[in-house]
Number of protein chains: 2
Amino acid sequence: MHITIDFGGTNIKIGLIEEGKLAAKTAIPAYSEQGLSPRLPAVEQAVKTLFEETGATLENCRGVGLALPGIVDADRRQLLSIPEKYKDAVGFDFGGWVEKVFGLPFIMENDARAALIGEVVHGAARGCRDAIMVIFGTGIGTAAMMEGKVVRGRHYQAGILGGHLTTDIHGEACTCGNTGCLEAQASHWALRARAGRYPGFADSVLAEDSLGYEDVIQAAQRLEDWAVRLVESLIEHWSAGIVNLIHAYDPETVILSGGLMKSADHILPQVTKRILASAWTPWGIPRFVVAADPETSVLLGLSHLLSCR
Amino acid sequence: MHITIDFGGTNIKIGLIEEGKLAAKTAIPAYSEQGLSPRLPAVEQAVKTLFEETGATLENCRGVGLALPGIVDADRRQLLSIPEKYKDAVGFDFGGWVEKVFGLPFIMENDARAALIGEVVHGAARGCRDAIMVIFGTGIGTAAMMEGKVVRGRHYQAGILGGHLTTDIHGEACTCGNTGCLEAQASHWALRARAGRYPGFADSVLAEDSLGYEDVIQAAQRLEDWAVRLVESLIEHWSAGIVNLIHAYDPETVILSGGLMKSADHILPQVTKRILASAWTPWGIPRFVVAADPETSVLLGLSHLLSCR
């Protein structure tokens with residue numbers, strides 16, 4: 001059995017995985033803007049509760065897998081860089097914490113890479129050797145697999161910065177320091193700033209609330225002018241961002257995941273149509289799949305990495 | 001000894017390589033808009049002339065290396081796709097031609113990949129295992145090496161389409177079918193269309209001529225307003241395009257090559273400054289090098305690939 005923990009920006013998801021299957025899982029709020037350390041006692045408690053519920057014990061467990069957003073050194077098992085959230089996690093001694101609390105071997109990986117592995121080993125892209133993953137969450141996480149190997153790169157950055165390829169050189173400033181990144185143009189966190197640039201948004205009922213993908217899409221379906229124009233622009237950016245990744249990594253399969261996929265029926269036909277009209281793929285047509293079980297693919301990916309140790 | 005042939009858009013370069021050193025070389029005009037087949041007799045003749053000049057014979061040769069722009073299937077040794085030039089080369093029986101003319105084993109590779117290999121094995125990035133190459137020629141050719149391995153991808157497209165990552169979603173139509181590609185915004189072939197969008201260009205002495213990188217840079221140095229604004233925009237795009245490749249492939253070294261590098265002293269400080277301000281590289285600062293011998297790096301790379309067979 002493996003203990004797997006996915007430190008997301010909004011929730012921390014915790015799962016017990018037995019032979020590639022989820023035995024039990026739970027989630028606790030992340031409060032990631034307050035840092036990582038304050039949440040670790042709650043994580044420890046949540047694992048204990050899962051043990052109690054399932055009758056499992058630490059003695060049944062062979063390892064711990066941790067997923068974090070940001071750039072993860074999978075060899076030294078450190079977090080190298082993360083914008084905005086879990087500020088204290090860079091340089092944090094994850095090894096010391098795992099040793100003290102669990103006394104088990106552990107691995108660490110970027111969350112999108114773990115999700116890609118989960119989808120390729122157990123999910124929507126089973127058996128695929130050349131794939132990219134795009135996760136439309138608070139930010140836009142990505143990962144790539146080429147010729148059966150997860151793309152990591154010299155400094156663990158390759159594949160995971162697809163949200164930080166510029167699609168609009170005249171666009172918004174990104175939290176990463178670059179300009180006009182896909183993530184700054186078309187992620188959840190960017191929606192409010194983007195919406196604010198369209199006349200009419202200030203008068204919308206949505207102007208006072210937090211703004212999610214579904215809010216904007218529904219406002220466009222109600223034909224609110226600012227939302228119609230924003231959704232049109234978002235579709236352009238999502239498509240261009242995915243074309244960039246297809247051109248960069250030459251995948252056969254594009255795995256889409258994250259909150260935006262709740263609107264997949266409405267959005268995907270438009271996005272894939274634009275991608276297929278723009279991408280240079282003389283070999284044929286990439287396959288688009290929606291993640292089978294986005295909530296657990298990170299956890300299953302971590303468990304697979306533990307099995308491969 | 002290896003016979004190496006680089007089918008460029010403007011010139012076909014031909015070299016005899018002996019133990020990783022250029023023994024002799026020549027070049028003939030490509031007339032690539034007229035296709036490949038009409039030029040093959042002249043290529044054959046040029047090789048014969050090199051033999052006569054050096055005293056070498058076919059018996060001294062162990063293989064033939066061919067480089068082409070476009071997407072090259074290095075296993076089946078076919079050209080899969082190419083925009084604009086050498087139209088008849090897609091599907092052409094290179095194996096039949098090499099067998100008939102030389103009767104030697106042969107390899108084929110994309111020209112930018114061969115150049116990257118040449119620079120890593122013999123040139124400006126010697127010994128480097130993680131590098132990207134950007135060649136500012138008629139178009140913008142790119143290639144990538146990750147962890148010591150040339151990036152090819154499932155369909156031979158990976159790494160070489162860096163000129164076809166979108167940097168401006170609202171930009172120019174590209175010959176590849178995409179919009180706002182780096183190449184459509186900031187390559188040699190794009191200069192005339194880009195320049196034409198600035199008021200004042202139509203009155204410039206350059207409006208009637210073909211327009212090269214140096215022409216535009218010199219006009220900017222003469223403070224012609226259209227050129228000042230165009231060069232500012234070009235620098236933005238070159239920088240954003242290279243940041244995209246740094247984010248995609250995580251290199252330690254960025255190798256720059258092509259006609260634009262004649263203006264490297266003027267351009268490079270501005271481009272690298274922008275890149276370093278924008279790229280997310282918490283590990284440190286990428287190294288920028290200008291190709292040592294761009295004219296022969298493709299030929300040396302082909303010879304290395306022949307040696308590795």
# chains A, B, ... in the order shown; residues from 1 in each chain; ligands from 1

call {"tool": "residues_around", "arguments": {"residues": "Met133 in chain B", "least_positions_apart": "2", "cutoff": "9 Å", "atoms": "only C-alpha atoms", "output": "list in words"}}
result
Ala112, Arg113, Ala115, Leu116, Glu119, Ala131, Ile135, Gly141, Thr142, Ala143, Ala144, Met145, Thr253, Val254, Ile255, Leu256, Ser257 and Ala291 of chain B

call {"tool": "residues_around", "arguments": {"residues": "Arg76 in chain A", "least_positions_apart": "5", "cutoff": "10 Å", "atoms": "only C-alpha atoms", "output": "MDAnalysis selection string"}}
result
chainID A and resid 95 107:108

call {"tool": "atom_distance", "arguments": {"atom1": "CA of Leu22 in chain B", "atom2": "CA of Leu40 in chain B"}}
result
21.9 Å

call {"tool": "closest_residue", "arguments": {"among": "B:Thr272, B:Ala202, B:Glu59, B:Ser233", "to": "Arg287 in chain B", "atoms": "only C-alpha atoms"}}
result
B:Thr272

call {"tool": "interface_residues", "arguments": {"of": "chain A", "to": "chain B", "cutoff": "7 Å", "atoms": "only C-alpha atoms", "output": "PDB file with N, CA and C atoms, in the first residue's frame"}}
result
ATOM      1  N   SER A  81      10.887  25.743  -7.004  1.00  0.00           N
ATOM      2  CA  SER A  81      10.267  27.047  -7.262  1.00  0.00           C
ATOM      3  C   SER A  81       8.767  26.881  -7.385  1.00  0.00           C
ATOM      4  N   ASP A 130       3.104   8.659 -26.183  1.00  0.00           N
ATOM      5  CA  ASP A 130       3.402  10.035 -26.602  1.00  0.00           C
ATOM      6  C   ASP A 130       2.173  10.888 -26.341  1.00  0.00           C
ATOM      7  N   MET A 146       7.222  11.576 -23.967  1.00  0.00           N
ATOM      8  CA  MET A 146       7.711  11.346 -25.330  1.00  0.00           C
ATOM      9  C   MET A 146       8.344   9.967 -25.408  1.00  0.00           C
ATOM     10  N   GLU A 147       7.910   9.205 -26.374  1.00  0.00           N
ATOM     11  CA  GLU A 147       8.447   7.861 -26.608  1.00  0.00           C
ATOM     12  C   GLU A 147       8.496   7.051 -25.307  1.00  0.00           C
ATOM     13  N   GLY A 153      13.683  16.926 -18.194  1.00  0.00           N
ATOM     14  CA  GLY A 153      14.664  17.948 -18.564  1.00  0.00           C
ATOM     15  C   GLY A 153      15.770  18.075 -17.530  1.00  0.00           C
ATOM     16  N   ARG A 154      16.785  18.848 -17.906  1.00  0.00           N
ATOM     17  CA  ARG A 154      18.003  18.992 -17.095  1.00  0.00           C
ATOM     18  C   ARG A 154      17.705  19.510 -15.697  1.00  0.00           C
ATOM     19  N   HIS A 155      16.748  20.465 -15.607  1.00  0.00           N
ATOM     20  CA  HIS A 155      16.470  21.105 -14.315  1.00  0.00           C
ATOM     21  C   HIS A 155      15.023  20.874 -13.892  1.00  0.00           C
ATOM     22  N   GLN A 157      12.300  21.134 -15.377  1.00  0.00           N
ATOM     23  CA  GLN A 157      11.316  22.128 -15.811  1.00  0.00           C
ATOM     24  C   GLN A 157      10.568  21.719 -17.074  1.00  0.00           C
ATOM     25  N   ALA A 158      11.150  20.792 -17.851  1.00  0.00           N
ATOM     26  CA  ALA A 158      10.597  20.520 -19.177  1.00  0.00           C
ATOM     27  C   ALA A 158       9.230  19.864 -19.083  1.00  0.00           C
ATOM     28  N   GLY A 159       8.335  20.272 -19.928  1.00  0.00           N
ATOM     29  CA  GLY A 159       6.997  19.695 -19.990  1.00  0.00           C
ATOM     30  C   GLY A 159       5.992  20.367 -19.073  1.00  0.00           C
ATOM     31  N   LEU A 161       5.994  23.505 -17.919  1.00  0.00           N
ATOM     32  CA  LEU A 161       5.799  24.955 -18.043  1.00  0.00           C
ATOM     33  C   LEU A 161       4.976  25.333 -19.270  1.00  0.00           C
ATOM     34  N   GLY A 162       4.164  24.395 -19.762  1.00  0.00           N
ATOM     35  CA  GLY A 162       3.337  24.686 -20.929  1.00  0.00           C
ATOM     36  C   GLY A 162       2.355  25.830 -20.700  1.00  0.00           C
ATOM     37  N   LEU A 165       4.147  29.214 -21.737  1.00  0.00           N
ATOM     38  CA  LEU A 165       4.555  29.608 -23.084  1.00  0.00           C
ATOM     39  C   LEU A 165       3.689  30.804 -23.466  1.00  0.00           C
ATOM     40  N   THR A 166       4.331  31.834 -24.000  1.00  0.00           N
ATOM     41  CA  THR A 166       3.610  33.043 -24.405  1.00  0.00           C
ATOM     42  C   THR A 166       2.722  32.753 -25.607  1.00  0.00           C
ATOM     43  N   THR A 167       1.454  33.099 -25.491  1.00  0.00           N
ATOM     44  CA  THR A 167       0.586  33.057 -26.668  1.00  0.00           C
ATOM     45  C   THR A 167       0.246  34.464 -27.151  1.00  0.00           C
ATOM     46  N   ASP A 168       0.404  35.464 -26.296  1.00  0.00           N
ATOM     47  CA  ASP A 168       0.129  36.838 -26.725  1.00  0.00           C
ATOM     48  C   ASP A 168       1.193  37.773 -26.153  1.00  0.00           C
ATOM     49  N   ILE A 169       2.124  38.114 -27.025  1.00  0.00           N
ATOM     50  CA  ILE A 169       3.262  38.940 -26.632  1.00  0.00           C
ATOM     51  C   ILE A 169       2.823  40.304 -26.084  1.00  0.00           C
ATOM     52  N   CYS A 176       4.781  34.365 -13.212  1.00  0.00           N
ATOM     53  CA  CYS A 176       6.105  33.745 -13.370  1.00  0.00           C
ATOM     54  C   CYS A 176       7.167  34.751 -13.790  1.00  0.00           C
ATOM     55  N   GLY A 177       6.752  35.972 -14.162  1.00  0.00           N
ATOM     56  CA  GLY A 177       7.708  36.979 -14.606  1.00  0.00           C
ATOM     57  C   GLY A 177       7.705  37.193 -16.110  1.00  0.00           C
ATOM     58  N   ASN A 178       7.033  36.324 -16.837  1.00  0.00           N
ATOM     59  CA  ASN A 178       6.941  36.421 -18.296  1.00  0.00           C
ATOM     60  C   ASN A 178       5.680  37.213 -18.675  1.00  0.00           C
ATOM     61  N   ALA A 240      -4.463  27.885 -29.100  1.00  0.00           N
ATOM     62  CA  ALA A 240      -3.086  28.244 -29.472  1.00  0.00           C
ATOM     63  C   ALA A 240      -2.096  27.618 -28.497  1.00  0.00           C
ATOM     64  N   ASN A 244       0.791  24.975 -29.530  1.00  0.00           N
ATOM     65  CA  ASN A 244       2.200  25.149 -29.152  1.00  0.00           C
ATOM     66  C   ASN A 244       2.771  23.868 -28.541  1.00  0.00           C
ATOM     67  N   HIS A 247       3.185  21.196 -31.188  1.00  0.00           N
ATOM     68  CA  HIS A 247       4.379  21.477 -31.990  1.00  0.00           C
ATOM     69  C   HIS A 247       5.659  21.205 -31.193  1.00  0.00           C
ATOM     70  N   ALA A 248       5.608  21.409 -29.888  1.00  0.00           N
ATOM     71  CA  ALA A 248       6.821  21.222 -29.081  1.00  0.00           C
ATOM     72  C   ALA A 248       7.111  19.745 -28.801  1.00  0.00           C
ATOM     73  N   TYR A 249       6.052  18.945 -28.529  1.00  0.00           N
ATOM     74  CA  TYR A 249       6.290  17.588 -28.012  1.00  0.00           C
ATOM     75  C   TYR A 249       5.788  16.468 -28.918  1.00  0.00           C
ATOM     76  N   ASP A 250       5.106  16.828 -30.008  1.00  0.00           N
ATOM     77  CA  ASP A 250       4.760  15.829 -31.024  1.00  0.00           C
ATOM     78  C   ASP A 250       3.959  14.652 -30.472  1.00  0.00           C
ATOM     79  N   PRO A 251       2.893  14.921 -29.690  1.00  0.00           N
ATOM     80  CA  PRO A 251       2.146  13.814 -29.085  1.00  0.00           C
ATOM     81  C   PRO A 251       1.139  13.195 -30.044  1.00  0.00           C
ATOM     82  N   SER A 278      -5.159  24.516 -37.181  1.00  0.00           N
ATOM     83  CA  SER A 278      -3.901  25.258 -37.040  1.00  0.00           C
ATOM     84  C   SER A 278      -2.662  24.392 -36.888  1.00  0.00           C
ATOM     85  N   ALA A 279      -2.802  23.220 -36.299  1.00  0.00           N
ATOM     86  CA  ALA A 279      -1.607  22.420 -35.973  1.00  0.00           C
ATOM     87  C   ALA A 279      -1.021  21.795 -37.231  1.00  0.00           C
ATOM     88  N   TRP A 280       0.298  21.747 -37.261  1.00  0.00           N
ATOM     89  CA  TRP A 280       1.027  21.162 -38.398  1.00  0.00           C
ATOM     90  C   TRP A 280       1.374  19.723 -38.029  1.00  0.00           C
ATOM     91  N   PRO A 282       1.359  16.543 -40.257  1.00  0.00           N
ATOM     92  CA  PRO A 282       1.142  15.788 -41.503  1.00  0.00           C
ATOM     93  C   PRO A 282       0.957  14.284 -41.280  1.00  0.00           C
ATOM     94  N   TRP A 283       1.356  13.787 -40.103  1.00  0.00           N
ATOM     95  CA  TRP A 283       1.231  12.354 -39.822  1.00  0.00           C
ATOM     96  C   TRP A 283      -0.207  11.938 -39.591  1.00  0.00           C
TER      97      TRP A 283
END

call {"tool": "closest_residue", "arguments": {"among": "B:Pro29, B:Gly196, B:Gly139, B:Gly55", "to": "Lys13 in chain B", "atoms": "only C-alpha atoms"}}
result
B:Pro29

call {"tool": "atom_distance", "arguments": {"atom1": "CA of Glu183 in chain A", "atom2": "CA of Gly137 in chain A"}}
result
9.9 Å

call {"tool": "closest_residue", "arguments": {"among": "A:Glu214, A:Phe106, A:Cys61, A:Ala56", "to": "Asp75 in chain A", "atoms": "only C-alpha atoms"}}
result
A:Phe106

call {"tool": "closest_residue", "arguments": {"among": "A:Arg39, A:Lys48, A:Arg309, A:His188", "to": "Thr26 in chain A", "atoms": "only C-alpha atoms"}}
result
A:Lys48

call {"tool": "select_by_dssp", "arguments": {"residues": "range 14-254 of chain B", "states": "alpha helix (DSSP H)", "output": "PyMOL selection string"}}
result
chain B and resi 40-54+94-101+111-122+182-186+191-196+213-221+225-249

call {"tool": "closest_residue", "arguments": {"among": "A:Leu206, A:Val121, A:Ala184, A:Ile12", "to": "Tyr86 in chain A", "atoms": "only C-alpha atoms"}}
result
A:Ile12

call {"tool": "closest_residue", "arguments": {"among": "B:Ile217, B:Leu16, B:Leu305, B:Ala67", "to": "His266 in chain B", "atoms": "only C-alpha atoms"}}
result
B:Ile217

call {"tool": "select_by_dssp", "arguments": {"residues": "range 6-251 of chain A", "states": "strand (DSSP E or B)", "output": "PyMOL selection string"}}
result
chain A and resi 6-7+11-18+21-29+63-68+71-73+78-81+90+106-110+131-136+140-146+149-150+166+168+173+179+181

call {"tool": "residues_around", "arguments": {"residues": "His304 in chain B", "least_positions_apart": "3", "cutoff": "9 Å", "atoms": "only C-alpha atoms", "output": "PyMOL selection string"}}
result
chain B and resi 20+114+117-118+121+299-301+307-309

call {"tool": "atom_distance", "arguments": {"atom1": "CA of Leu260 in chain A", "atom2": "CA of Glu208 in chain A"}}
result
21.0 Å

call {"tool": "residues_around", "arguments": {"residues": "Glu33 in chain B", "least_positions_apart": "3", "cutoff": "10 Å", "atoms": "only C-alpha atoms", "output": "MDAnalysis selection string"}}
result
chainID B and resid 9:10 30 36 84:88

call {"tool": "write_last_selection", "arguments": {"atoms": "N, CA, C and O atoms", "output": "PDB file, in the first residue's frame"}}
result
ATOM      1  N   GLY B   9      17.341  26.359 -48.437  1.00  0.00           N
ATOM      2  CA  GLY B   9      16.384  27.051 -49.287  1.00  0.00           C
ATOM      3  C   GLY B   9      17.051  27.885 -50.371  1.00  0.00           C
ATOM      4  O   GLY B   9      16.531  28.020 -51.480  1.00  0.00           O
ATOM      5  N   THR B  10      18.225  28.434 -50.088  1.00  0.00           N
ATOM      6  CA  THR B  10      18.917  29.326 -51.030  1.00  0.00           C
ATOM      7  C   THR B  10      20.092  28.633 -51.713  1.00  0.00           C
ATOM      8  O   THR B  10      20.274  28.738 -52.920  1.00  0.00           O
ATOM      9  N   ALA B  30      20.265  26.789 -54.985  1.00  0.00           N
ATOM     10  CA  ALA B  30      19.260  25.747 -54.742  1.00  0.00           C
ATOM     11  C   ALA B  30      18.067  25.835 -55.702  1.00  0.00           C
ATOM     12  O   ALA B  30      17.524  24.820 -56.088  1.00  0.00           O
ATOM     13  N   LEU B  36      13.236  19.821 -56.102  1.00  0.00           N
ATOM     14  CA  LEU B  36      14.501  19.159 -55.789  1.00  0.00           C
ATOM     15  C   LEU B  36      15.092  18.444 -57.009  1.00  0.00           C
ATOM     16  O   LEU B  36      16.284  18.597 -57.317  1.00  0.00           O
ATOM     17  N   GLU B  84       6.387  25.470 -48.720  1.00  0.00           N
ATOM     18  CA  GLU B  84       6.927  26.417 -49.704  1.00  0.00           C
ATOM     19  C   GLU B  84       7.964  25.840 -50.683  1.00  0.00           C
ATOM     20  O   GLU B  84       7.772  25.875 -51.875  1.00  0.00           O
ATOM     21  N   LYS B  85       9.091  25.298 -50.183  1.00  0.00           N
ATOM     22  CA  LYS B  85      10.184  24.970 -51.106  1.00  0.00           C
ATOM     23  C   LYS B  85      10.338  23.466 -51.323  1.00  0.00           C
ATOM     24  O   LYS B  85       9.784  22.684 -50.585  1.00  0.00           O
ATOM     25  N   TYR B  86      11.110  23.082 -52.335  1.00  0.00           N
ATOM     26  CA  TYR B  86      11.388  21.661 -52.647  1.00  0.00           C
ATOM     27  C   TYR B  86      10.108  20.824 -52.642  1.00  0.00           C
ATOM     28  O   TYR B  86      10.057  19.735 -52.039  1.00  0.00           O
ATOM     29  N   LYS B  87       9.072  21.340 -53.283  1.00  0.00           N
ATOM     30  CA  LYS B  87       7.754  20.693 -53.223  1.00  0.00           C
ATOM     31  C   LYS B  87       7.802  19.207 -53.583  1.00  0.00           C
ATOM     32  O   LYS B  87       7.110  18.392 -52.978  1.00  0.00           O
ATOM     33  N   ASP B  88       8.602  18.850 -54.593  1.00  0.00           N
ATOM     34  CA  ASP B  88       8.615  17.450 -55.052  1.00  0.00           C
ATOM     35  C   ASP B  88       9.417  16.524 -54.134  1.00  0.00           C
ATOM     36  O   ASP B  88       9.498  15.319 -54.388  1.00  0.00           O
TER      37      ASP B  88
END

call {"tool": "decode", "arguments": {"residues": "range 228-257 of chain B", "atoms": "N, CA and C atoms", "output": "PDB file, in the first residue's frame"}}
result
ATOM      1  N   VAL B 228      12.730  51.445 -36.663  1.00  0.00           N
ATOM      2  CA  VAL B 228      12.930  51.462 -35.207  1.00  0.00           C
ATOM      3  C   VAL B 228      11.830  50.648 -34.532  1.00  0.00           C
ATOM      4  N   ARG B 229      10.590  50.887 -34.984  1.00  0.00           N
ATOM      5  CA  ARG B 229       9.457  50.180 -34.367  1.00  0.00           C
ATOM      6  C   ARG B 229       9.467  48.693 -34.726  1.00  0.00           C
ATOM      7  N   LEU B 230       9.834  48.381 -35.971  1.00  0.00           N
ATOM      8  CA  LEU B 230       9.866  46.981 -36.387  1.00  0.00           C
ATOM      9  C   LEU B 230      10.954  46.220 -35.626  1.00  0.00           C
ATOM     10  N   VAL B 231      12.150  46.820 -35.496  1.00  0.00           N
ATOM     11  CA  VAL B 231      13.239  46.120 -34.798  1.00  0.00           C
ATOM     12  C   VAL B 231      12.871  45.905 -33.330  1.00  0.00           C
ATOM     13  N   GLU B 232      12.238  46.895 -32.717  1.00  0.00           N
ATOM     14  CA  GLU B 232      11.757  46.726 -31.334  1.00  0.00           C
ATOM     15  C   GLU B 232      10.816  45.514 -31.243  1.00  0.00           C
ATOM     16  N   SER B 233       9.904  45.426 -32.206  1.00  0.00           N
ATOM     17  CA  SER B 233       8.960  44.304 -32.214  1.00  0.00           C
ATOM     18  C   SER B 233       9.678  42.976 -32.491  1.00  0.00           C
ATOM     19  N   LEU B 234      10.631  42.986 -33.420  1.00  0.00           N
ATOM     20  CA  LEU B 234      11.374  41.756 -33.726  1.00  0.00           C
ATOM     21  C   LEU B 234      12.111  41.244 -32.482  1.00  0.00           C
ATOM     22  N   ILE B 235      12.750  42.173 -31.774  1.00  0.00           N
ATOM     23  CA  ILE B 235      13.485  41.789 -30.556  1.00  0.00           C
ATOM     24  C   ILE B 235      12.521  41.182 -29.542  1.00  0.00           C
ATOM     25  N   GLU B 236      11.338  41.772 -29.416  1.00  0.00           N
ATOM     26  CA  GLU B 236      10.317  41.201 -28.530  1.00  0.00           C
ATOM     27  C   GLU B 236       9.985  39.763 -28.921  1.00  0.00           C
ATOM     28  N   HIS B 237       9.780  39.546 -30.230  1.00  0.00           N
ATOM     29  CA  HIS B 237       9.387  38.206 -30.692  1.00  0.00           C
ATOM     30  C   HIS B 237      10.526  37.205 -30.587  1.00  0.00           C
ATOM     31  N   TRP B 238      11.737  37.607 -31.002  1.00  0.00           N
ATOM     32  CA  TRP B 238      12.870  36.674 -30.866  1.00  0.00           C
ATOM     33  C   TRP B 238      13.018  36.252 -29.405  1.00  0.00           C
ATOM     34  N   SER B 239      12.906  37.227 -28.496  1.00  0.00           N
ATOM     35  CA  SER B 239      13.073  36.923 -27.068  1.00  0.00           C
ATOM     36  C   SER B 239      11.957  36.002 -26.584  1.00  0.00           C
ATOM     37  N   ALA B 240      10.717  36.342 -26.910  1.00  0.00           N
ATOM     38  CA  ALA B 240       9.582  35.529 -26.451  1.00  0.00           C
ATOM     39  C   ALA B 240       9.664  34.127 -27.041  1.00  0.00           C
ATOM     40  N   GLY B 241      10.078  34.030 -28.304  1.00  0.00           N
ATOM     41  CA  GLY B 241      10.202  32.714 -28.945  1.00  0.00           C
ATOM     42  C   GLY B 241      11.243  31.858 -28.252  1.00  0.00           C
ATOM     43  N   ILE B 242      12.360  32.473 -27.864  1.00  0.00           N
ATOM     44  CA  ILE B 242      13.418  31.712 -27.186  1.00  0.00           C
ATOM     45  C   ILE B 242      13.002  31.369 -25.755  1.00  0.00           C
ATOM     46  N   VAL B 243      12.306  32.278 -25.086  1.00  0.00           N
ATOM     47  CA  VAL B 243      11.769  31.947 -23.751  1.00  0.00           C
ATOM     48  C   VAL B 243      10.829  30.742 -23.862  1.00  0.00           C
ATOM     49  N   ASN B 244       9.976  30.732 -24.875  1.00  0.00           N
ATOM     50  CA  ASN B 244       9.083  29.580 -25.058  1.00  0.00           C
ATOM     51  C   ASN B 244       9.882  28.278 -25.173  1.00  0.00           C
ATOM     52  N   LEU B 245      10.983  28.327 -25.912  1.00  0.00           N
ATOM     53  CA  LEU B 245      11.789  27.111 -26.093  1.00  0.00           C
ATOM     54  C   LEU B 245      12.540  26.743 -24.810  1.00  0.00           C
ATOM     55  N   ILE B 246      12.990  27.747 -24.063  1.00  0.00           N
ATOM     56  CA  ILE B 246      13.626  27.477 -22.768  1.00  0.00           C
ATOM     57  C   ILE B 246      12.617  26.828 -21.832  1.00  0.00           C
ATOM     58  N   HIS B 247      11.390  27.347 -21.818  1.00  0.00           N
ATOM     59  CA  HIS B 247      10.352  26.762 -20.966  1.00  0.00           C
ATOM     60  C   HIS B 247       9.957  25.358 -21.440  1.00  0.00           C
ATOM     61  N   ALA B 248      10.031  25.121 -22.744  1.00  0.00           N
ATOM     62  CA  ALA B 248       9.614  23.811 -23.265  1.00  0.00           C
ATOM     63  C   ALA B 248      10.674  22.735 -23.055  1.00  0.00           C
ATOM     64  N   TYR B 249      11.965  23.089 -23.245  1.00  0.00           N
ATOM     65  CA  TYR B 249      13.006  22.043 -23.302  1.00  0.00           C
ATOM     66  C   TYR B 249      14.047  22.137 -22.194  1.00  0.00           C
ATOM     67  N   ASP B 250      13.994  23.195 -21.380  1.00  0.00           N
ATOM     68  CA  ASP B 250      14.843  23.253 -20.179  1.00  0.00           C
ATOM     69  C   ASP B 250      16.341  23.129 -20.483  1.00  0.00           C
ATOM     70  N   PRO B 251      16.841  23.881 -21.453  1.00  0.00           N
ATOM     71  CA  PRO B 251      18.253  23.742 -21.833  1.00  0.00           C
ATOM     72  C   PRO B 251      19.182  24.504 -20.898  1.00  0.00           C
ATOM     73  N   GLU B 252      20.447  24.119 -20.937  1.00  0.00           N
ATOM     74  CA  GLU B 252      21.499  24.847 -20.259  1.00  0.00           C
ATOM     75  C   GLU B 252      22.095  25.873 -21.226  1.00  0.00           C
ATOM     76  N   THR B 253      22.116  25.502 -22.510  1.00  0.00           N
ATOM     77  CA  THR B 253      22.782  26.319 -23.524  1.00  0.00           C
ATOM     78  C   THR B 253      21.821  26.631 -24.665  1.00  0.00           C
ATOM     79  N   VAL B 254      21.841  27.879 -25.103  1.00  0.00           N
ATOM     80  CA  VAL B 254      21.048  28.314 -26.250  1.00  0.00           C
ATOM     81  C   VAL B 254      22.037  28.677 -27.358  1.00  0.00           C
ATOM     82  N   ILE B 255      21.981  27.916 -28.461  1.00  0.00           N
ATOM     83  CA  ILE B 255      22.898  28.152 -29.583  1.00  0.00           C
ATOM     84  C   ILE B 255      22.154  28.954 -30.649  1.00  0.00           C
ATOM     85  N   LEU B 256      22.710  30.095 -31.020  1.00  0.00           N
ATOM     86  CA  LEU B 256      22.068  30.959 -32.005  1.00  0.00           C
ATOM     87  C   LEU B 256      22.880  30.941 -33.293  1.00  0.00           C
ATOM     88  N   SER B 257      22.166  30.942 -34.416  1.00  0.00           N
ATOM     89  CA  SER B 257      22.853  30.825 -35.696  1.00  0.00           C
ATOM     90  C   SER B 257      22.024  31.499 -36.782  1.00  0.00           C
TER      91      SER B 257
END
